[in-house]
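One file, target_11.cif, is given below (mmCIF, C-alpha atoms).
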```
data_coords
#
loop_
_atom_site.label_atom_id
_atom_site.label_comp_id
_atom_site.auth_asym_id
_atom_site.auth_seq_id
_atom_site.Cartn_x
_atom_site.Cartn_y
_atom_site.Cartn_z
CA GLY A 347 -200.48 207.71 222.01
CA LEU A 348 -196.99 206.49 222.85
CA GLU A 349 -196.08 203.85 225.40
CA LEU A 350 -192.72 202.65 226.67
CA VAL A 351 -191.60 199.28 225.33
CA PRO A 352 -188.75 196.91 226.24
CA MET A 353 -185.77 196.86 223.90
CA SER A 354 -182.89 194.48 223.24
CA VAL A 355 -179.77 196.08 221.79
CA SER A 356 -177.45 193.19 220.99
CA GLU A 357 -178.69 190.01 219.35
CA ASP A 358 -178.47 187.92 222.51
CA SER A 359 -179.52 190.43 225.18
CA LYS A 360 -182.85 190.31 226.95
CA SER A 361 -185.43 193.01 226.38
CA GLU A 362 -185.73 195.67 229.08
CA ILE A 363 -187.22 199.15 229.34
CA ILE A 364 -184.04 201.18 229.12
CA VAL A 365 -182.68 204.69 228.85
CA SER A 366 -179.67 204.74 226.55
CA LEU A 367 -176.76 207.14 226.32
CA GLU A 368 -175.61 207.25 222.71
CA VAL A 369 -172.36 208.99 221.78
CA PHE A 370 -171.25 209.20 218.16
CA LEU A 371 -169.12 211.30 215.86
CA LEU A 372 -171.25 212.92 213.17
CA THR A 373 -169.56 213.61 209.84
CA LEU A 374 -171.00 214.73 206.51
CA PRO A 375 -170.02 213.48 203.03
CA PHE A 376 -169.94 217.09 201.82
CA GLU A 377 -168.94 220.48 203.20
CA ILE A 378 -171.35 222.92 204.82
CA GLU A 379 -170.08 226.32 205.86
CA GLY A 380 -169.93 226.56 209.63
CA PHE A 381 -170.29 222.80 210.24
CA ASP A 382 -167.43 220.70 211.55
CA ASP A 383 -167.36 217.05 212.49
CA GLU A 384 -168.70 216.85 216.04
CA PHE A 385 -169.68 214.42 218.74
CA LYS A 386 -173.37 213.99 219.46
CA VAL A 387 -174.53 213.03 222.96
CA VAL A 388 -178.16 211.94 223.34
CA TRP A 389 -180.33 210.22 225.93
CA THR A 390 -182.96 208.00 224.34
CA THR A 391 -185.65 205.48 225.19
CA TYR A 392 -188.04 203.34 223.11
CA VAL A 393 -191.76 203.78 222.50
CA LYS A 394 -194.60 202.20 220.55
CA ASN A 395 -197.30 204.11 218.71
CA SER A 396 -200.59 202.58 219.89
CA GLU A 397 -202.28 203.41 216.56
CA THR A 398 -199.66 202.04 214.14
CA ASN A 399 -197.99 199.53 216.51
CA VAL A 400 -194.62 200.80 215.23
CA VAL A 401 -191.73 200.82 217.72
CA SER A 402 -189.54 203.91 217.51
CA LEU A 403 -186.70 205.73 219.20
CA PHE A 404 -187.58 208.66 221.45
CA ASP A 405 -184.94 211.36 221.96
CA ILE A 406 -185.43 212.43 225.56
CA PHE A 407 -183.06 215.35 225.25
CA PRO A 408 -180.21 215.59 222.75
CA PHE A 409 -177.77 217.90 224.49
CA ASP A 410 -176.34 219.47 221.35
CA THR A 411 -179.66 221.06 220.34
CA PRO A 412 -181.60 224.07 221.66
CA GLN A 413 -183.05 223.11 225.05
CA ALA A 414 -186.38 224.83 224.43
CA MET A 415 -187.15 222.55 221.47
CA TYR A 416 -186.44 219.28 223.25
CA ASP A 417 -187.46 219.73 226.88
CA ILE A 418 -190.25 217.24 227.68
CA GLY A 419 -192.41 218.02 230.67
CA GLY A 420 -189.74 220.14 232.32
CA ILE A 421 -187.35 217.20 232.76
CA LEU A 422 -184.47 219.28 231.47
CA GLU A 423 -185.06 222.48 233.43
CA THR A 424 -182.00 224.34 232.19
CA ALA A 425 -179.74 223.81 229.22
CA PRO A 426 -176.40 222.23 230.23
CA GLU A 427 -173.57 224.72 230.38
CA GLU A 428 -170.91 222.27 229.24
CA ILE A 429 -170.81 219.06 227.21
CA ALA A 430 -167.38 217.48 226.80
CA VAL A 431 -166.34 214.32 224.95
CA ASN A 432 -162.73 213.14 225.15
CA THR A 433 -161.10 210.12 223.56
CA GLY A 434 -157.79 208.48 224.42
CA THR A 435 -157.59 205.12 226.11
CA SER A 436 -161.26 205.55 226.97
CA LEU A 437 -164.39 207.42 225.92
CA ASP A 438 -165.10 210.08 228.54
CA VAL A 439 -168.32 212.12 228.56
CA SER A 440 -169.06 214.98 230.95
CA ILE A 441 -172.34 216.91 231.21
CA LYS A 442 -172.52 219.92 233.52
CA ASP A 443 -174.93 222.69 234.37
CA ALA A 444 -175.27 225.12 237.25
CA ASP A 445 -176.00 222.53 239.94
CA THR A 446 -175.58 219.14 238.26
CA GLU A 447 -172.68 217.10 236.98
CA PHE A 448 -172.72 213.73 235.24
CA TYR A 449 -169.77 211.87 233.80
CA ILE A 450 -169.13 208.44 232.36
CA SER A 451 -165.96 206.70 231.25
CA ALA A 452 -165.86 203.53 229.10
CA PRO A 453 -162.51 201.94 228.17
CA PHE A 454 -161.76 201.22 224.54
CA VAL A 455 -161.53 197.47 224.03
CA SER A 456 -159.35 195.18 221.98
CA THR A 457 -161.22 191.93 221.55
CA THR A 458 -162.04 189.26 219.02
CA VAL A 459 -165.47 188.84 220.60
CA VAL A 460 -168.17 190.53 218.54
CA LYS A 461 -171.95 190.51 218.69
CA GLY A 462 -174.60 191.18 216.11
CA ILE A 463 -177.11 193.95 216.63
CA SER A 464 -180.76 193.32 217.44
CA PRO A 465 -183.09 193.72 214.42
CA GLN A 466 -185.60 195.28 216.82
CA TRP A 467 -183.09 197.98 217.72
CA VAL A 468 -182.27 198.68 214.07
CA ASN A 469 -185.92 198.98 213.10
CA ALA A 470 -186.62 201.36 215.99
CA HIS A 471 -184.02 203.78 214.61
CA GLN A 472 -185.96 204.31 211.38
CA GLN A 473 -188.34 206.70 213.13
CA VAL A 474 -187.32 209.04 215.93
CA TYR A 475 -189.76 210.97 218.11
CA TRP A 476 -188.96 214.06 220.07
CA ASN A 477 -190.96 216.84 221.74
CA LYS A 478 -194.59 217.48 220.72
CA ASN A 479 -194.72 214.15 218.79
CA VAL A 480 -192.54 215.53 216.00
CA VAL A 481 -190.92 212.70 214.03
CA ASP A 482 -187.65 212.49 212.13
CA GLN A 483 -187.33 209.69 209.59
CA TYR A 484 -183.98 207.93 209.26
CA HIS A 485 -182.94 205.91 206.22
CA HIS A 486 -180.07 203.48 206.82
CA ASN A 487 -178.03 201.33 204.52
CA GLY A 488 -176.58 197.92 205.36
CA ASP A 489 -173.95 199.46 207.65
CA LEU A 490 -176.39 199.50 210.55
CA TYR A 491 -178.17 196.23 209.81
CA TYR A 492 -174.92 194.30 209.69
CA ALA A 493 -173.04 196.30 212.31
CA LYS A 494 -170.89 194.42 214.78
CA LEU A 495 -170.72 195.34 218.44
CA LEU A 496 -167.64 195.17 220.64
CA PRO A 497 -168.92 194.45 224.16
CA ILE A 498 -167.50 196.30 227.15
CA ASP A 499 -167.35 194.73 230.60
CA GLU A 500 -170.02 196.70 232.48
CA LYS A 501 -167.87 196.52 235.63
CA LYS A 502 -165.21 198.63 233.88
CA VAL A 503 -167.64 201.41 233.01
CA THR A 504 -167.43 204.13 235.64
CA PHE A 505 -169.72 207.07 236.14
CA GLY A 506 -170.70 209.61 238.72
CA ARG A 507 -173.50 212.05 239.27
CA GLU A 508 -173.98 215.00 241.58
CA GLY A 509 -176.72 217.56 241.92
CA GLY A 510 -180.49 217.76 241.87
CA ALA A 511 -181.54 217.71 238.21
CA ALA A 512 -184.63 215.54 237.69
CA TRP A 513 -183.09 213.67 234.73
CA LEU A 514 -180.52 212.08 237.06
CA ASP A 515 -183.33 209.90 238.45
CA LEU A 516 -183.59 208.18 235.04
CA ILE A 517 -180.08 206.74 235.30
CA ASP A 518 -179.31 203.44 237.05
CA GLU A 519 -176.09 203.01 238.97
CA LYS A 520 -175.10 199.98 236.90
CA PRO A 521 -175.21 199.92 233.07
CA PHE A 522 -177.57 197.36 231.54
CA GLU A 523 -175.26 196.86 228.56
CA ALA A 524 -172.27 198.68 227.08
CA PHE A 525 -170.58 198.36 223.70
CA TYR A 526 -168.85 200.13 220.83
CA PHE A 527 -169.84 199.95 217.19
CA ASP A 528 -167.16 198.36 215.05
CA GLY A 529 -167.13 200.48 211.92
CA VAL A 530 -169.05 203.35 210.34
CA CYS A 531 -172.83 203.67 210.07
CA THR A 532 -174.30 205.72 207.22
CA PHE A 533 -177.76 207.29 207.28
CA VAL A 534 -179.91 209.99 205.66
CA THR A 535 -182.44 211.95 207.68
CA SER A 536 -185.77 213.53 206.83
CA PRO A 537 -186.28 215.92 209.78
CA TYR A 538 -189.69 217.13 210.96
CA ASP A 539 -191.24 214.55 208.66
CA ASN A 540 -194.76 214.75 210.08
CA LEU A 541 -195.17 218.50 210.61
CA GLU A 542 -197.78 218.80 207.87
CA GLU A 543 -199.83 216.02 209.48
CA LEU A 544 -199.50 217.53 212.98
CA TYR A 545 -200.53 221.02 211.93
CA GLU A 546 -203.10 220.14 209.26
CA GLY A 547 -206.01 222.53 209.49
CA ILE A 548 -204.19 225.03 211.72
CA GLU A 549 -204.15 228.53 210.29
#
```
Represent the supplied structure as structure tokens.
Amino acid sequence: GLELVPMSVSEDSKSEIIVSLEVFLLTLPFEIEGFDDEFKVVWTTYVKNSETNVVSLFDIFPFDTPQAMYDIGGILETAPEEIAVNTGTSLDVSIKDADTEFYISAPFVSTTVVKGISPQWVNAHQQVYWNKNVVDQYHHNGDLYYAKLLPIDEKKVTFGREGGAAWLDLIDEKPFEAFYFDGVCTFVTSPYDNLEELYEGIE
């Protein structure tokens, strides 16, 4: 089974059970017809497999994917009607559906203060769970292990929420920690890596 575990993100932060909003621009090193560089917006948390003792990322619901594949326990009752990511002097994210609206704005920072990333956080991103215990394997190079974080003053991060969607209850009013990655992170994925194991013996 899976159980929630505390996680530290930066090298000097304390470990807490957290829900993270991760926003990143996904690009490919080659061209695929119909695919353009795009922002990904995902809510995640961190779990431990009680059998292997391995700590992994758990995608609660990545909003850019079909809702039916990622809905866990009815938390995301309807697929959002609109996901918007804007960049200028700040990173602005808006998520809307029929009766719910969530937005967050984080200013871009210019600072000489940098932090290292927690090895625990890096290791958790090698294996990503989503619905029905399906696992994606991620293979990272040194970009992630040696990534530098630019901290954002949590007091300058603004957000709002309206509506009755159950997933709003997972979000605290004050961010635990906020930062930007300084640089590019490269990874290769092996999606649905454990399907054969999950469905072994099923005809």
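Atom CA of A:Asp445 to atom CA of A:Ile429 spans 14.2 Å [interatomic distance, one decimal].
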Excluding stretch 395-401 of chain A and any residue of its chain fewer than 4 positions from it, enumerate the residues within 7 Å of it, using only C-alpha atoms, and give them as an mmCIF file with C-alpha atoms, in the coordinates of the input.
```
data_model
loop_
_atom_site.group_PDB
_atom_site.id
_atom_site.type_symbol
_atom_site.label_atom_id
_atom_site.label_comp_id
_atom_site.auth_asym_id
_atom_site.auth_seq_id
_atom_site.Cartn_x
_atom_site.Cartn_y
_atom_site.Cartn_z
ATOM 1 C CA GLY A 347 -200.480 207.710 222.010
ATOM 2 C CA LEU A 348 -196.990 206.490 222.850
ATOM 3 C CA GLU A 349 -196.080 203.850 225.400
ATOM 4 C CA ALA A 470 -186.620 201.360 215.990
#
```
Given the file above and the PyMOL selection byres ((chain A and resi 453) around 8), which residues are selected, and can you give them as a VMD selection string? chain A and resid 435 to 437 451 to 452 454 to 455 498 502 to 503
Please evaluate the PyMOL selection byres ((chain A and resi 467) around 9) against the displayed coordinates and give the resulting residues as a PyMOL selection string. chain A and resi 353-356+402-403+463-466+468-471
Considering all atoms listed in the file, state which residue in the set A:Pro521, A:Gly462, A:Gly380, A:Gly434 is at the smallest distance from A:Ile364.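 Residue with the minimum atom-to-atom distance to A:Ile364: A:Pro521.
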What would the selection look like, as a PyMOL selection string, if the PyMOL selection byres ((chain A and resi 448) around 6) were run on the coordinates I just shared? chain A and resi 440-441+447+449+506-507
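Using only C-alpha atoms, the residues found no farther than 8 Å from A:Thr390, other than those of its own chain fewer than 2 positions away, are Val365, Ser366, Leu367, Glu368, Val388, Tyr392, Leu403, Phe404, Asp405, Ile406 and Phe407 of chain A.
Atom CA of A:Leu495 lies 9.4 Å from atom CA of A:Ala524.
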